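So this block is run-v6.cif, mmCIF, C-alpha atoms; chains and numbers go by the auth columns:
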```cif
data_model
loop_
_atom_site.group_PDB
_atom_site.id
_atom_site.type_symbol
_atom_site.label_atom_id
_atom_site.label_comp_id
_atom_site.label_asym_id
_atom_site.label_seq_id
_atom_site.Cartn_x
_atom_site.Cartn_y
_atom_site.Cartn_z
_atom_site.B_iso_or_equiv
_atom_site.auth_seq_id
_atom_site.auth_asym_id
ATOM 1 C CA MET A 1 17.076 11.157 5.977 0.00 55 A
ATOM 2 C CA LEU A 2 16.421 14.412 4.138 0.00 56 A
ATOM 3 C CA LYS A 3 20.168 15.091 4.074 0.00 57 A
ATOM 4 C CA ILE A 4 20.755 11.751 2.341 0.00 58 A
ATOM 5 C CA ILE A 5 18.077 12.465 -0.265 0.00 59 A
ATOM 6 C CA PHE A 6 19.404 15.990 -0.825 0.00 60 A
ATOM 7 C CA LEU A 7 22.968 14.714 -1.246 0.00 61 A
ATOM 8 C CA MET A 8 21.793 12.012 -3.655 0.00 62 A
ATOM 9 C CA PHE A 9 20.038 14.545 -5.896 0.00 63 A
ATOM 10 C CA LEU A 10 22.914 17.024 -5.603 0.00 64 A
ATOM 11 C CA THR A 11 25.318 14.312 -6.766 0.00 65 A
ATOM 12 C CA ILE A 12 23.089 13.469 -9.727 0.00 66 A
ATOM 13 C CA LEU A 13 22.733 17.143 -10.592 0.00 67 A
ATOM 14 C CA ILE A 14 26.479 17.767 -10.487 0.00 68 A
ATOM 15 C CA SER A 15 27.346 14.654 -12.487 0.00 69 A
ATOM 16 C CA ASN A 16 24.743 15.456 -15.143 0.00 70 A
ATOM 17 C CA THR A 17 25.749 19.107 -15.352 0.00 71 A
ATOM 18 C CA GLY A 18 29.265 18.186 -16.433 0.00 72 A
ATOM 19 C CA TYR A 19 27.932 15.840 -19.071 0.00 73 A
ATOM 20 C CA THR A 20 25.455 18.245 -20.579 0.00 74 A
ATOM 21 C CA GLN A 21 27.990 21.070 -20.812 0.00 75 A
ATOM 22 C CA SER A 22 30.444 18.962 -22.765 0.00 76 A
ATOM 23 C CA SER A 23 27.866 17.380 -25.112 0.00 77 A
ATOM 24 C CA SER A 24 25.598 18.766 -27.766 0.00 78 A
ATOM 25 C CA TYR A 25 21.858 18.320 -27.376 0.00 79 A
ATOM 26 C CA ASP A 26 20.496 15.475 -29.487 0.00 80 A
ATOM 27 C CA SER A 27 16.769 16.052 -29.922 0.00 81 A
ATOM 28 C CA ALA A 28 16.206 12.731 -31.717 0.00 82 A
ATOM 29 C CA TYR A 29 17.863 10.830 -28.869 0.00 83 A
ATOM 30 C CA ALA A 30 15.869 12.802 -26.295 0.00 84 A
ATOM 31 C CA LYS A 31 12.618 11.976 -28.112 0.00 85 A
ATOM 32 C CA SER A 32 13.582 8.290 -28.277 0.00 86 A
ATOM 33 C CA LEU A 33 13.832 8.308 -24.477 0.00 87 A
ATOM 34 C CA GLY A 34 10.424 9.948 -24.130 0.00 88 A
ATOM 35 C CA ALA A 35 11.717 13.419 -23.305 0.00 89 A
ATOM 36 C CA ASP A 36 9.955 16.664 -24.159 0.00 90 A
ATOM 37 C CA ASP A 37 11.241 19.442 -26.449 0.00 91 A
ATOM 38 C CA TYR A 38 13.624 20.607 -23.709 0.00 92 A
ATOM 39 C CA GLY A 39 15.076 17.144 -23.118 0.00 93 A
ATOM 40 C CA MET A 40 13.221 16.735 -19.822 0.00 94 A
ATOM 41 C CA LYS A 41 11.551 13.446 -18.882 0.00 95 A
ATOM 42 C CA GLU A 42 9.020 12.745 -16.153 0.00 96 A
ATOM 43 C CA TYR A 43 9.468 10.027 -13.539 0.00 97 A
ATOM 44 C CA VAL A 44 7.512 9.031 -10.445 0.00 98 A
ATOM 45 C CA MET A 45 9.369 8.595 -7.165 0.00 99 A
ATOM 46 C CA ALA A 46 8.034 6.491 -4.288 0.00 100 A
ATOM 47 C CA PHE A 47 9.375 5.995 -0.798 0.00 101 A
ATOM 48 C CA LEU A 48 8.874 2.587 0.812 0.00 102 A
ATOM 49 C CA LYS A 49 7.750 2.663 4.433 0.00 103 A
ATOM 50 C CA SER A 50 7.773 -0.044 7.070 0.00 104 A
ATOM 51 C CA GLY A 51 4.480 -1.869 7.288 0.00 105 A
ATOM 52 C CA LYS A 52 2.521 -2.398 10.472 0.00 106 A
ATOM 53 C CA VAL A 53 2.250 -6.161 10.009 0.00 107 A
ATOM 54 C CA LYS A 54 5.470 -8.054 10.673 0.00 108 A
ATOM 55 C CA PRO A 55 6.163 -11.646 9.562 0.00 109 A
ATOM 56 C CA ASP A 56 5.699 -14.142 12.371 0.00 110 A
ATOM 57 C CA SER A 57 8.781 -16.184 11.434 0.00 111 A
ATOM 58 C CA GLN A 58 12.141 -15.763 9.756 0.00 112 A
ATOM 59 C CA GLU A 59 11.018 -18.214 7.072 0.00 113 A
ATOM 60 C CA LYS A 60 8.025 -16.010 6.212 0.00 114 A
ATOM 61 C CA ALA A 61 10.255 -12.906 6.237 0.00 115 A
ATOM 62 C CA ASN A 62 12.611 -14.614 3.779 0.00 116 A
ATOM 63 C CA GLU A 63 9.706 -15.590 1.490 0.00 117 A
ATOM 64 C CA LEU A 64 8.426 -12.009 1.479 0.00 118 A
ATOM 65 C CA GLN A 65 11.904 -10.639 0.732 0.00 119 A
ATOM 66 C CA ILE A 66 12.341 -13.046 -2.191 0.00 120 A
ATOM 67 C CA ALA A 67 8.928 -12.048 -3.586 0.00 121 A
ATOM 68 C CA HIS A 68 9.836 -8.369 -3.146 0.00 122 A
ATOM 69 C CA LEU A 69 13.124 -8.795 -5.037 0.00 123 A
ATOM 70 C CA LYS A 70 11.419 -10.786 -7.814 0.00 124 A
ATOM 71 C CA ASN A 71 8.896 -7.976 -8.230 0.00 125 A
ATOM 72 C CA ILE A 72 11.710 -5.410 -8.420 0.00 126 A
ATOM 73 C CA MET A 73 13.447 -7.489 -11.093 0.00 127 A
ATOM 74 C CA ARG A 74 10.195 -7.877 -13.058 0.00 128 A
ATOM 75 C CA MET A 75 9.564 -4.138 -13.095 0.00 129 A
ATOM 76 C CA ALA A 76 13.192 -3.422 -14.047 0.00 130 A
ATOM 77 C CA GLU A 77 13.084 -5.941 -16.902 0.00 131 A
ATOM 78 C CA GLU A 78 9.818 -4.407 -18.161 0.00 132 A
ATOM 79 C CA GLY A 79 11.471 -0.980 -18.085 0.00 133 A
ATOM 80 C CA SER A 80 9.001 0.600 -15.673 0.00 134 A
ATOM 81 C CA LEU A 81 11.455 0.748 -12.745 0.00 135 A
ATOM 82 C CA MET A 82 14.617 2.808 -13.181 0.00 136 A
ATOM 83 C CA LEU A 83 16.030 2.667 -9.658 0.00 137 A
ATOM 84 C CA ALA A 84 15.290 0.817 -6.444 0.00 138 A
ATOM 85 C CA GLY A 85 17.235 0.583 -3.263 0.00 139 A
ATOM 86 C CA PRO A 86 17.108 0.422 0.508 0.00 140 A
ATOM 87 C CA PHE A 87 17.928 3.085 3.077 0.00 141 A
ATOM 88 C CA SER A 88 20.142 1.618 5.753 0.00 142 A
ATOM 89 C CA ASP A 89 19.491 4.063 8.587 0.00 143 A
ATOM 90 C CA GLY A 90 16.835 1.845 10.220 0.00 144 A
ATOM 91 C CA GLY A 91 14.174 4.547 9.956 0.00 145 A
ATOM 92 C CA GLU A 92 10.510 4.251 9.035 0.00 146 A
ATOM 93 C CA ILE A 93 11.242 5.046 5.386 0.00 147 A
ATOM 94 C CA ARG A 94 12.984 1.902 4.190 0.00 148 A
ATOM 95 C CA GLY A 95 13.756 2.516 0.526 0.00 149 A
ATOM 96 C CA ILE A 96 13.086 4.265 -2.733 0.00 150 A
ATOM 97 C CA TYR A 97 11.691 3.452 -6.176 0.00 151 A
ATOM 98 C CA ILE A 98 12.006 5.676 -9.229 0.00 152 A
ATOM 99 C CA PHE A 99 9.524 4.613 -11.898 0.00 153 A
ATOM 100 C CA ASN A 100 9.907 5.287 -15.615 0.00 154 A
ATOM 101 C CA VAL A 101 6.266 6.400 -15.911 0.00 155 A
ATOM 102 C CA LYS A 102 4.475 9.746 -16.083 0.00 156 A
ATOM 103 C CA THR A 103 1.696 9.253 -13.534 0.00 157 A
ATOM 104 C CA ILE A 104 1.298 7.909 -10.029 0.00 158 A
ATOM 105 C CA GLU A 105 -1.499 5.661 -11.294 0.00 159 A
ATOM 106 C CA GLU A 106 0.903 3.999 -13.778 0.00 160 A
ATOM 107 C CA ALA A 107 3.422 3.425 -10.978 0.00 161 A
ATOM 108 C CA GLN A 108 0.763 1.892 -8.758 0.00 162 A
ATOM 109 C CA THR A 109 -0.307 -0.458 -11.546 0.00 163 A
ATOM 110 C CA ASP A 110 3.292 -1.511 -12.275 0.00 164 A
ATOM 111 C CA ARG A 111 4.159 -2.392 -8.696 0.00 165 A
ATOM 112 C CA ASP A 112 1.263 -4.833 -8.210 0.00 166 A
#
```
Rewrite the structure of this file - the entire thing - as structure tokens.
Amino acid sequence: MLKIIFLMFLTILISNTGYTQSSSYDSAYAKSLGADDYGMKEYVMAFLKSGKVKPDSQEKANELQIAHLKNIMRMAEEGSLMLAGPFSDGGEIRGIYIFNVKTIEEAQTDRD
């Protein structure tokens, strides 16, 4: 699991490094995205874990999945969720969210 996360961030780092070296820094654009004076922006990352309570039927599991996906779409449309996706290794950690917020409290409010 940690290898997957490390490779994901390494890929992002490498792809962004090439972009930033070939482009000039645009402070106005950085500010418009909520970045600081160095062009850095804060996000909150959350890992989704398997719950202890399991649905008692496939119908209930489908209803919960639909509600989960609707909530993801709502947060994405509002702009508070930048990335969401599952991990397919069958482990306890099932997925990831990256929120476009500065604090954990904001992320917790947005996901409700």
Give me the result of the PyMOL selection byres ((chain A and resi 146) around 6) on this file, residue by residue, as a PyMOL selection string. chain A and resi 103-104+145+147-148
Find the residue from A:Gly149, A:Lys106, A:Met99, A:Lys114 that sits nearest to Ser134 of chain A; use all atoms listed in the file when measuring. A:Met99
Distance atom CA of Glu96 of chain A-atom CA of Phe153 of chain A, one decimal place?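 Atom CA of Phe153 of chain A lies at a distance of 9.2 Å from atom CA of Glu96 of chain A.
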What is the distance, in Å and to one decimal place, between atom CA of Met94 of chain A and atom CA of Pro140 of chain A? 26.4 Å
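Distances from A:Ala130, A:His122, A:Ala100, A:Ala89 to Ile158 of chain A were compared using all atoms listed in the file, and the smallest one belongs to A:Ala100.
Distances to Thr157 of chain A were evaluated for A:Glu131, A:Lys95, A:Lys124, A:Gly139 using only C-alpha atoms, and the minimum falls at A:Lys95.
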If I take atom CA of Asn154 of chain A and atom CA of Met136 of chain A, how far is one from the other in Å, to one decimal? 5.9 Å
